Amino acid sequence: MLLTSQKTMTSLSAPAQEPDAQGREWWRSAVIYQVYPRSFADANGDGLGDLPGVTAHLPELQRLGVDAIWLSPFFTSPQRDAGYDVADYCQVDPAFGTLDDFERMQWRAHELGMRVIVDIVPNHTSSDHAWFQAALASAPGSVEREHYLFRDGQGDEGQLPPNNWESVFGGSAWTRVTEPDGTPGQWYLHLFDSSQPDLNWQDEWVREQFRGVLRFWLDRGVDGFRVDVAHGMIKAPGLPDYTPPAEGGSMGGGAPSDGALDGMQPAAEAEPPTAPYWAQEGVHDIYRDWHRILDEYEGDRVLVAEAWVEPMSKLAKWVRSDEMNQAFNFAYLEMPWQASALRGVIDTSLAAFGSVGAPSTWVLSNHDVVRHATRLALTFDNPQGHGIGPNMPVRPDAELGLRRARAATALMLSLPGSSYLFQGEELGLPEVIDLPDDARQDPTWTRTNGERYGRDGCRVPLPWRAASPAFGFNSTGESWLPQPADWARYARDAQEGDPASTLALYTRLLAERKAHGLGLGEVRWLDGYPEQVVALRNGDVTVIANTGSTSVELGDGEVLLASGPLDGRLLPADTTVWLA
Ligand code: GLC
C-alpha cells in the first residue's frame, strides 16, 4: 500500500515534565529491569537464585543499558507464593543470602549507575509471620486478631465462611482456624493463598509497623518500592458478598478483559463495578502517608503501584502528586498486537497519567503473566494468571511470537515515560509450556486442582551460558524449575556479538532511546499510514510498527534500527522500525 507523501502530525500527549539538573525524578523516563531473584542467577548452586548471583551479573545489566533494577521479594518467607508471602519484612531469607549480601548488591548497582527498587508486600503477610502466629494464639476479639481480618463464620455453628469472596488463586478467600482451646473457630481472610492472611489496614498498629518497614529499607539506601497489590489493602465496610463478572482477565482489576488477545479495542472509560476488596478509596490515605515518609529522605525515591485498576482514569488516582509516583500500565500489557488497540491505549495512558502530572509507564512482561514472546502469538483467550500448559487448544507459533515480541518492545521503548522489562525478555525467552506437572509450584496450580496452570512458565531460571550446567544459572546444574533442553540458543553468551540477536536489539533500543531523549519526549501521531500501522514521532525519531500481515512502505528517513529484517524500503509484517 502506498503512503501519502504529505503526512500530518497530531500531538496527543502532554509533554513529560523535565527532571532538574541533579537528575531529580529520574523515574520519569527510566527503564527499570525486573530481577526475579529466584530465577536470575544462583551463586551457591542450590538451584534457587540468590543475591550474590544478582551482584555477579550486574555488569551485564549495565551493558544492556537499564537505569534501575526492581527485585521481587527476597525477604524471609516459607516461599508458598515465591516470596510474596513474607514472614519478616526486615530480613533476607537465608535462601537468598544475608542483609550484607543485599547491601553489597545495592552498593555495586549504585557503583554501576543503576538504582535499586525493592518489593513491599503490605496487603498480606505469610501465615508464618510472628504477627499472624500471635493472632492465632490469641482469643477472638483480641488486639492481635485485630491486625488481620478474622470474622465469625455463618451458619448455626459458624461452619460457613463469612462471605462469598473467592481467592485470586482459586477457591474460597476464607480459612477457618482452630482456636487455642482446640475448638473450631473463626475464619480469616486471604485474597490469595491461605498462607497469605490479609492484614487489617484500618488498624493503626499495622500502619505503624509498615512505616517502620519503609524506613528500614530507606535507611539502607533503596531508591524506591514496588508496592504489591496496591489496590487491595482496604476492604469495603461490612465485607459484603460480591460476585465478580464472568472470568476476569486481570489479577483483581475487577473488570473482565476477555477477548483482550483477539482484537479487543482499548477499554472504554466506563467504570466497571468495584469489588469490595479492590480499589477502595481508603487506600489513598495510606499512600499519602508513605509519600511523606519517602519525602523525609534525601534524593529521589519512587513508589510504584501494582494496581490492577480499571479504567485508567481511576488508576491515575494512585499517582496523584502526593501519592505514588508510578503505576504499572497493565492495560497496555493486555493489549493485543493490533494497531488501533495500541494507539487507543497509548492515548488513554498518556492522557490519564498526564492529567495528574505523572509519567505513563509501559510493560509487556512480568512474573505474573505469560511472556510476551509467547502471548502475542496465542490464538485463544487466556486470562491473566491462568497460564498455559500442554493441554492448550493450539500451540502458539514460537517464531511469530518472537517476531511480534521484538516489534512490540521496539514500539514500547520508543514511548515517553518509564518502561519495565522482565528478566529474560532481552533474550527473547518464550513461556515454558511443557513443565512437568509435579514441578509446578504456583499455588494457583494446586488451588484449582490443575485447572489453571498458573505462572511458573514465565519464571524458569535464566540461561546465561549455552555450554554450562543449567545454562550458567549456576555451576551445579540444579534448577528449581527445569529449563527446556533447547534453551542453549537463548543463552546470553550465544547472543553476545550477534547483531541479529534479541539481546543486541534490546541493547540498541535502550542506547538509542537514551541518545534521542525519548523517555522525556512526546508522542505525535503520523497520519497517512495504513490502518495496520502504528506511526508516531517522538523527538527526532519516527517509529513505524506494522501489526498487519502484509508489508508497508517505509517512507522517508534513515533507518536507525529495526526489530527484524527489512525488505528494501518495505517494512514487513510484525516489524517495527525507528527512522531518524
Ligand atoms: C502480586 C504479585 C504476585 C503475587 C500476588 C500476591 O500480584 O505480583 O506474584 O502472587 O501479588 O502477593
# chains A, B, ... in the order shown; residues from 1 in each chain; ligands from 1

call {"tool": "residues_near_ligand", "arguments": {"ligand": "ligand 1", "cutoff": "7 Å", "atoms": "only C-alpha atoms and all ligand atoms", "output": "PyMOL selection string"}}
result
chain A and resi 81+84-85+121+192+228-229+251+367-368

call {"tool": "write_last_selection", "arguments": {"atoms": "C-alpha atoms", "output": "PDB file, in the first residue's frame"}}
result
ATOM      1  CA  ASP A  81       3.957 -17.876  46.827  1.00  0.00           C
ATOM      2  CA  TYR A  84       5.145 -12.853  48.131  1.00  0.00           C
ATOM      3  CA  ASP A  85       4.349 -14.429  51.496  1.00  0.00           C
ATOM      4  CA  VAL A 121       4.041  -6.714  50.220  1.00  0.00           C
ATOM      5  CA  PHE A 192      -4.524 -15.004  47.765  1.00  0.00           C
ATOM      6  CA  ASP A 228       2.397  -5.320  45.779  1.00  0.00           C
ATOM      7  CA  VAL A 229      -1.407  -5.449  45.437  1.00  0.00           C
ATOM      8  CA  MET A 251      -5.322 -10.056  38.713  1.00  0.00           C
ATOM      9  CA  HIS A 367       6.461 -12.694  36.719  1.00  0.00           C
ATOM     10  CA  ASP A 368       2.642 -12.966  36.722  1.00  0.00           C
TER      11      ASP A 368
END

call {"tool": "residues_around", "arguments": {"residues": "Gln196 in chain A", "least_positions_apart": "5", "cutoff": "9 Å", "atoms": "only C-alpha atoms", "output": "short mmCIF file (atom, residue, chain, number, x, y, z; two decimals) with N, CA, C and O atoms, in the first residue's frame"}}
result
data_model
loop_
_atom_site.label_atom_id
_atom_site.label_comp_id
_atom_site.auth_asym_id
_atom_site.auth_seq_id
_atom_site.Cartn_x
_atom_site.Cartn_y
_atom_site.Cartn_z
N ARG A 80 5.69 -19.98 49.90
CA ARG A 80 4.48 -20.64 49.37
C ARG A 80 3.98 -19.92 48.13
O ARG A 80 3.26 -20.49 47.32
N ASP A 81 4.31 -18.63 48.04
CA ASP A 81 3.96 -17.88 46.83
C ASP A 81 5.21 -17.15 46.34
O ASP A 81 5.23 -15.94 46.13
N TYR A 84 6.20 -13.86 47.91
CA TYR A 84 5.14 -12.85 48.13
C TYR A 84 4.32 -13.22 49.38
O TYR A 84 3.18 -12.79 49.54
N ASP A 85 4.92 -14.04 50.20
CA ASP A 85 4.35 -14.43 51.50
C ASP A 85 5.47 -14.18 52.51
O ASP A 85 6.31 -15.02 52.74
N VAL A 86 5.48 -12.96 53.05
CA VAL A 86 6.65 -12.52 53.81
C VAL A 86 6.47 -12.81 55.30
O VAL A 86 5.46 -12.45 55.90
N ASN A 123 -0.34 -6.02 51.60
CA ASN A 123 -1.74 -6.47 51.69
C ASN A 123 -1.88 -7.65 52.65
O ASN A 123 -2.90 -7.80 53.31
N HIS A 124 -0.84 -8.48 52.69
CA HIS A 124 -0.91 -9.70 53.49
C HIS A 124 0.49 -10.05 53.98
O HIS A 124 1.48 -9.63 53.38
N THR A 125 0.54 -10.84 55.03
CA THR A 125 1.83 -11.40 55.45
C THR A 125 1.80 -12.89 55.11
O THR A 125 0.80 -13.40 54.61
N SER A 126 2.87 -13.55 55.45
CA SER A 126 2.85 -15.02 55.46
C SER A 126 2.12 -15.46 56.72
O SER A 126 2.13 -14.77 57.74
N SER A 127 1.50 -16.64 56.66
CA SER A 127 0.89 -17.17 57.90
C SER A 127 1.98 -17.54 58.91
O SER A 127 1.69 -17.74 60.08
N ASP A 128 3.23 -17.60 58.47
CA ASP A 128 4.33 -17.85 59.42
C ASP A 128 4.76 -16.58 60.15
O ASP A 128 5.57 -16.65 61.07
N LEU A 189 -9.44 -13.91 56.43
CA LEU A 189 -9.50 -13.60 55.00
C LEU A 189 -8.12 -13.71 54.36
O LEU A 189 -7.13 -13.26 54.93
N HIS A 190 -8.08 -14.30 53.19
CA HIS A 190 -6.85 -14.30 52.38
C HIS A 190 -7.26 -14.16 50.92
O HIS A 190 -7.79 -15.09 50.33
N LEU A 191 -7.02 -12.99 50.37
CA LEU A 191 -7.39 -12.79 48.95
C LEU A 191 -6.54 -13.67 48.05
O LEU A 191 -6.90 -13.93 46.91
#

call {"tool": "residues_around", "arguments": {"residues": "range 233-236 of chain A", "least_positions_apart": "4", "cutoff": "12 Å", "atoms": "only C-alpha atoms", "output": "JSON, numbers by chain"}}
result
{"A": [121, 122, 123, 124, 125, 148, 149, 165, 189, 190, 191, 197, 198, 199, 200, 201, 202, 203, 206, 207, 227, 228, 229, 240, 241, 242, 274, 275, 276, 277, 278, 279, 280, 281, 282, 283, 284, 285, 286, 287, 306, 307]}

call {"tool": "write_last_selection", "arguments": {"atoms": "N, CA and C atoms", "output": "compact mmCIF listing (two decimals), in the first residue's frame"}}
result
# COMPACT_ATOMS: atom_id res chain seq x y z
N VAL A 121 5.27 -5.91 50.34
CA VAL A 121 4.04 -6.71 50.22
C VAL A 121 3.14 -6.41 51.42
N PRO A 122 2.36 -5.33 51.34
CA PRO A 122 1.62 -4.89 52.52
C PRO A 122 0.20 -5.44 52.65
N ASN A 123 -0.34 -6.02 51.60
CA ASN A 123 -1.74 -6.47 51.69
C ASN A 123 -1.88 -7.65 52.65
N HIS A 124 -0.84 -8.48 52.69
CA HIS A 124 -0.91 -9.70 53.49
C HIS A 124 0.49 -10.05 53.98
N THR A 125 0.54 -10.84 55.03
CA THR A 125 1.83 -11.40 55.45
C THR A 125 1.80 -12.89 55.11
N TYR A 148 -5.42 -8.57 61.64
CA TYR A 148 -5.83 -9.29 60.43
C TYR A 148 -7.35 -9.19 60.30
N LEU A 149 -7.92 -9.91 59.33
CA LEU A 149 -9.36 -9.84 59.11
C LEU A 149 -10.01 -11.16 59.54
N TRP A 165 -16.51 -14.37 49.09
CA TRP A 165 -15.35 -13.95 48.30
C TRP A 165 -14.47 -15.14 47.93
N LEU A 189 -9.44 -13.91 56.43
CA LEU A 189 -9.50 -13.60 55.00
C LEU A 189 -8.12 -13.71 54.36
N HIS A 190 -8.08 -14.30 53.19
CA HIS A 190 -6.85 -14.30 52.38
C HIS A 190 -7.26 -14.16 50.92
N LEU A 191 -7.02 -12.99 50.37
CA LEU A 191 -7.39 -12.79 48.95
C LEU A 191 -6.54 -13.67 48.05
N PRO A 197 -2.50 -14.46 54.88
CA PRO A 197 -3.62 -13.75 55.52
C PRO A 197 -3.56 -12.25 55.27
N ASP A 198 -4.71 -11.67 54.94
CA ASP A 198 -4.78 -10.22 54.69
C ASP A 198 -4.67 -9.45 55.99
N LEU A 199 -3.89 -8.40 55.95
CA LEU A 199 -3.77 -7.51 57.11
C LEU A 199 -4.98 -6.59 57.17
N ASN A 200 -5.24 -6.09 58.35
CA ASN A 200 -6.31 -5.11 58.55
C ASN A 200 -5.71 -3.71 58.54
N TRP A 201 -5.82 -3.05 57.40
CA TRP A 201 -5.20 -1.72 57.26
C TRP A 201 -6.02 -0.60 57.89
N GLN A 202 -7.15 -0.97 58.52
CA GLN A 202 -7.88 0.03 59.33
C GLN A 202 -7.22 0.14 60.70
N ASP A 203 -6.31 -0.74 60.97
CA ASP A 203 -5.69 -0.82 62.29
C ASP A 203 -4.41 0.03 62.30
N VAL A 206 -0.98 -1.64 62.46
CA VAL A 206 -0.46 -2.19 61.20
C VAL A 206 0.23 -1.06 60.41
N ARG A 207 -0.42 0.08 60.36
CA ARG A 207 0.16 1.21 59.61
C ARG A 207 1.53 1.58 60.18
N VAL A 227 5.03 -1.59 45.11
CA VAL A 227 4.05 -1.92 46.14
C VAL A 227 3.09 -2.98 45.61
N ASP A 228 3.18 -4.16 46.20
CA ASP A 228 2.40 -5.32 45.78
C ASP A 228 0.91 -5.12 46.13
N VAL A 229 0.05 -5.50 45.22
CA VAL A 229 -1.41 -5.45 45.44
C VAL A 229 -1.82 -4.11 46.05
N PRO A 240 -19.18 -7.00 52.32
CA PRO A 240 -20.38 -7.55 51.68
C PRO A 240 -20.06 -8.61 50.63
N ASP A 241 -20.99 -9.52 50.45
CA ASP A 241 -20.86 -10.52 49.38
C ASP A 241 -20.64 -9.82 48.05
N TYR A 242 -19.95 -10.51 47.16
CA TYR A 242 -19.70 -9.93 45.83
C TYR A 242 -19.44 -11.06 44.85
N THR A 274 -17.01 -1.89 41.26
CA THR A 274 -15.81 -2.11 42.07
C THR A 274 -16.06 -3.24 43.05
N ALA A 275 -15.17 -4.21 43.05
CA ALA A 275 -15.27 -5.28 44.04
C ALA A 275 -15.00 -4.68 45.42
N PRO A 276 -15.64 -5.22 46.45
CA PRO A 276 -15.46 -4.62 47.79
C PRO A 276 -14.07 -4.83 48.38
N TYR A 277 -13.23 -5.55 47.64
CA TYR A 277 -11.86 -5.75 48.13
C TYR A 277 -10.82 -5.09 47.25
N TRP A 278 -11.22 -4.46 46.16
CA TRP A 278 -10.25 -3.77 45.30
C TRP A 278 -10.58 -2.28 45.21
N ALA A 279 -9.54 -1.51 45.07
CA ALA A 279 -9.66 -0.10 44.69
C ALA A 279 -10.62 0.69 45.56
N GLN A 280 -10.60 0.45 46.85
CA GLN A 280 -11.41 1.23 47.78
C GLN A 280 -10.71 2.57 48.05
N GLU A 281 -11.49 3.61 48.20
CA GLU A 281 -10.92 4.96 48.36
C GLU A 281 -9.91 5.06 49.51
N GLY A 282 -10.14 4.26 50.54
CA GLY A 282 -9.28 4.36 51.73
C GLY A 282 -7.81 4.08 51.49
N VAL A 283 -7.49 3.41 50.38
CA VAL A 283 -6.06 3.11 50.15
C VAL A 283 -5.26 4.39 49.95
N HIS A 284 -5.95 5.44 49.48
CA HIS A 284 -5.19 6.64 49.12
C HIS A 284 -4.55 7.32 50.33
N ASP A 285 -5.20 7.25 51.46
CA ASP A 285 -4.60 7.82 52.69
C ASP A 285 -3.28 7.14 53.01
N ILE A 286 -3.26 5.84 52.79
CA ILE A 286 -2.04 5.09 53.11
C ILE A 286 -0.89 5.59 52.24
N TYR A 287 -1.19 5.81 50.96
CA TYR A 287 -0.10 6.22 50.06
C TYR A 287 0.33 7.65 50.30
N GLU A 306 1.55 -1.63 42.06
CA GLU A 306 0.98 -2.76 41.31
C GLU A 306 -0.52 -2.70 41.61
N ALA A 307 -1.25 -2.07 40.75
CA ALA A 307 -2.68 -1.89 40.99
C ALA A 307 -3.44 -2.26 39.72

call {"tool": "select_by_dssp", "arguments": {"residues": "range 110-306 of chain A", "states": "helix (DSSP H, G or I)", "output": "PDB file with C-alpha atoms, in the first residue's frame"}}
result
ATOM      1  CA  HIS A 110      24.852   2.098  42.570  1.00  0.00           C
ATOM      2  CA  GLU A 111      28.507   1.979  41.622  1.00  0.00           C
ATOM      3  CA  ALA A 130       5.000 -13.611  64.090  1.00  0.00           C
ATOM      4  CA  TRP A 131       2.043 -11.191  63.911  1.00  0.00           C
ATOM      5  CA  PHE A 132      -0.218 -13.899  62.498  1.00  0.00           C
ATOM      6  CA  GLN A 133       1.081 -16.550  64.847  1.00  0.00           C
ATOM      7  CA  ALA A 134       0.303 -14.196  67.749  1.00  0.00           C
ATOM      8  CA  ALA A 135      -3.193 -13.667  66.340  1.00  0.00           C
ATOM      9  CA  LEU A 136      -3.786 -17.415  66.141  1.00  0.00           C
ATOM     10  CA  ALA A 137      -2.628 -17.854  69.713  1.00  0.00           C
ATOM     11  CA  VAL A 143      -5.820  -6.850  69.822  1.00  0.00           C
ATOM     12  CA  GLU A 144      -3.692  -9.428  67.986  1.00  0.00           C
ATOM     13  CA  ARG A 145      -6.648 -10.661  65.915  1.00  0.00           C
ATOM     14  CA  GLU A 146      -7.453  -7.048  65.002  1.00  0.00           C
ATOM     15  CA  GLU A 204      -3.263   1.947  63.214  1.00  0.00           C
ATOM     16  CA  TRP A 205      -0.796  -0.544  64.641  1.00  0.00           C
ATOM     17  CA  VAL A 206      -0.456  -2.185  61.200  1.00  0.00           C
ATOM     18  CA  ARG A 207       0.164   1.210  59.608  1.00  0.00           C
ATOM     19  CA  GLU A 208       2.854   1.987  62.138  1.00  0.00           C
ATOM     20  CA  GLN A 209       4.627  -1.329  61.519  1.00  0.00           C
ATOM     21  CA  PHE A 210       4.857  -0.607  57.818  1.00  0.00           C
ATOM     22  CA  ARG A 211       6.189   2.897  58.390  1.00  0.00           C
ATOM     23  CA  GLY A 212       8.987   1.112  60.188  1.00  0.00           C
ATOM     24  CA  VAL A 213       9.490  -1.332  57.316  1.00  0.00           C
ATOM     25  CA  LEU A 214       9.744   1.508  54.784  1.00  0.00           C
ATOM     26  CA  ARG A 215      12.247   3.363  56.968  1.00  0.00           C
ATOM     27  CA  PHE A 216      14.284   0.203  57.465  1.00  0.00           C
ATOM     28  CA  TRP A 217      14.933  -0.102  53.722  1.00  0.00           C
ATOM     29  CA  LEU A 218      15.143   3.638  53.093  1.00  0.00           C
ATOM     30  CA  ASP A 219      17.811   3.843  55.799  1.00  0.00           C
ATOM     31  CA  VAL A 283      -6.063   3.110  50.150  1.00  0.00           C
ATOM     32  CA  HIS A 284      -5.185   6.639  49.116  1.00  0.00           C
ATOM     33  CA  ASP A 285      -4.605   7.818  52.687  1.00  0.00           C
ATOM     34  CA  ILE A 286      -2.036   5.087  53.110  1.00  0.00           C
ATOM     35  CA  TYR A 287      -0.098   6.219  50.062  1.00  0.00           C
ATOM     36  CA  ARG A 288      -0.199   9.854  51.116  1.00  0.00           C
ATOM     37  CA  ASP A 289       1.306   8.745  54.394  1.00  0.00           C
ATOM     38  CA  TRP A 290       4.007   6.753  52.608  1.00  0.00           C
ATOM     39  CA  HIS A 291       4.729   9.629  50.247  1.00  0.00           C
ATOM     40  CA  ARG A 292       5.505  11.803  53.270  1.00  0.00           C
ATOM     41  CA  ILE A 293       7.867   9.150  54.618  1.00  0.00           C
ATOM     42  CA  LEU A 294       9.796   8.986  51.341  1.00  0.00           C
ATOM     43  CA  ASP A 295       9.971  12.773  51.372  1.00  0.00           C
TER      44      ASP A 295
END

call {"tool": "closest_residue", "arguments": {"among": "A:Gln186, A:Asp437, A:Gln338, A:Ser551", "to": "Asn449 in chain A", "atoms": "only C-alpha atoms"}}
result
A:Asp437

call {"tool": "residues_around", "arguments": {"residues": "Gly457 in chain A", "least_positions_apart": "3", "cutoff": "8 Å", "atoms": "only C-alpha atoms", "output": "MDAnalysis selection string"}}
result
chainID A and resid 370 387:388 431:433 435 454 460

call {"tool": "closest_residue", "arguments": {"among": "A:Arg343, A:Ser39, A:Glu426, A:Ala439", "to": "Cys458 in chain A", "atoms": "only C-alpha atoms"}}
result
A:Ser39

call {"tool": "atom_distance", "arguments": {"atom1": "CA of Asp67 in chain A", "atom2": "CA of Ser29 in chain A"}}
result
9.1 Å

call {"tool": "closest_residue", "arguments": {"among": "A:Asp181, A:Asp223, A:Glu451, A:Glu310", "to": "Ile32 in chain A", "atoms": "only C-alpha atoms"}}
result
A:Asp223

call {"tool": "residues_around", "arguments": {"residues": "Trp27 in chain A", "least_positions_apart": "2", "cutoff": "10 Å", "atoms": "only C-alpha atoms", "output": "list in words"}}
result
Pro19, Gly23, Arg24, Glu25, Ser29, Ala30, Val31, Ile32, Asp67, Ala68, Arg115, Asp223, Gly224, Asp300, Arg301, Val302, Leu303, Val304, Asn325, Gln326, Pro359, Thr361, Gly417, Ser418, Ser419 and Gly519 of chain A

call {"tool": "residues_around", "arguments": {"residues": "Arg104 in chain A", "least_positions_apart": "5", "cutoff": "10 Å", "atoms": "only C-alpha atoms", "output": "PyMOL selection string"}}
result
chain A and resi 51-52+55+98-99+109-110
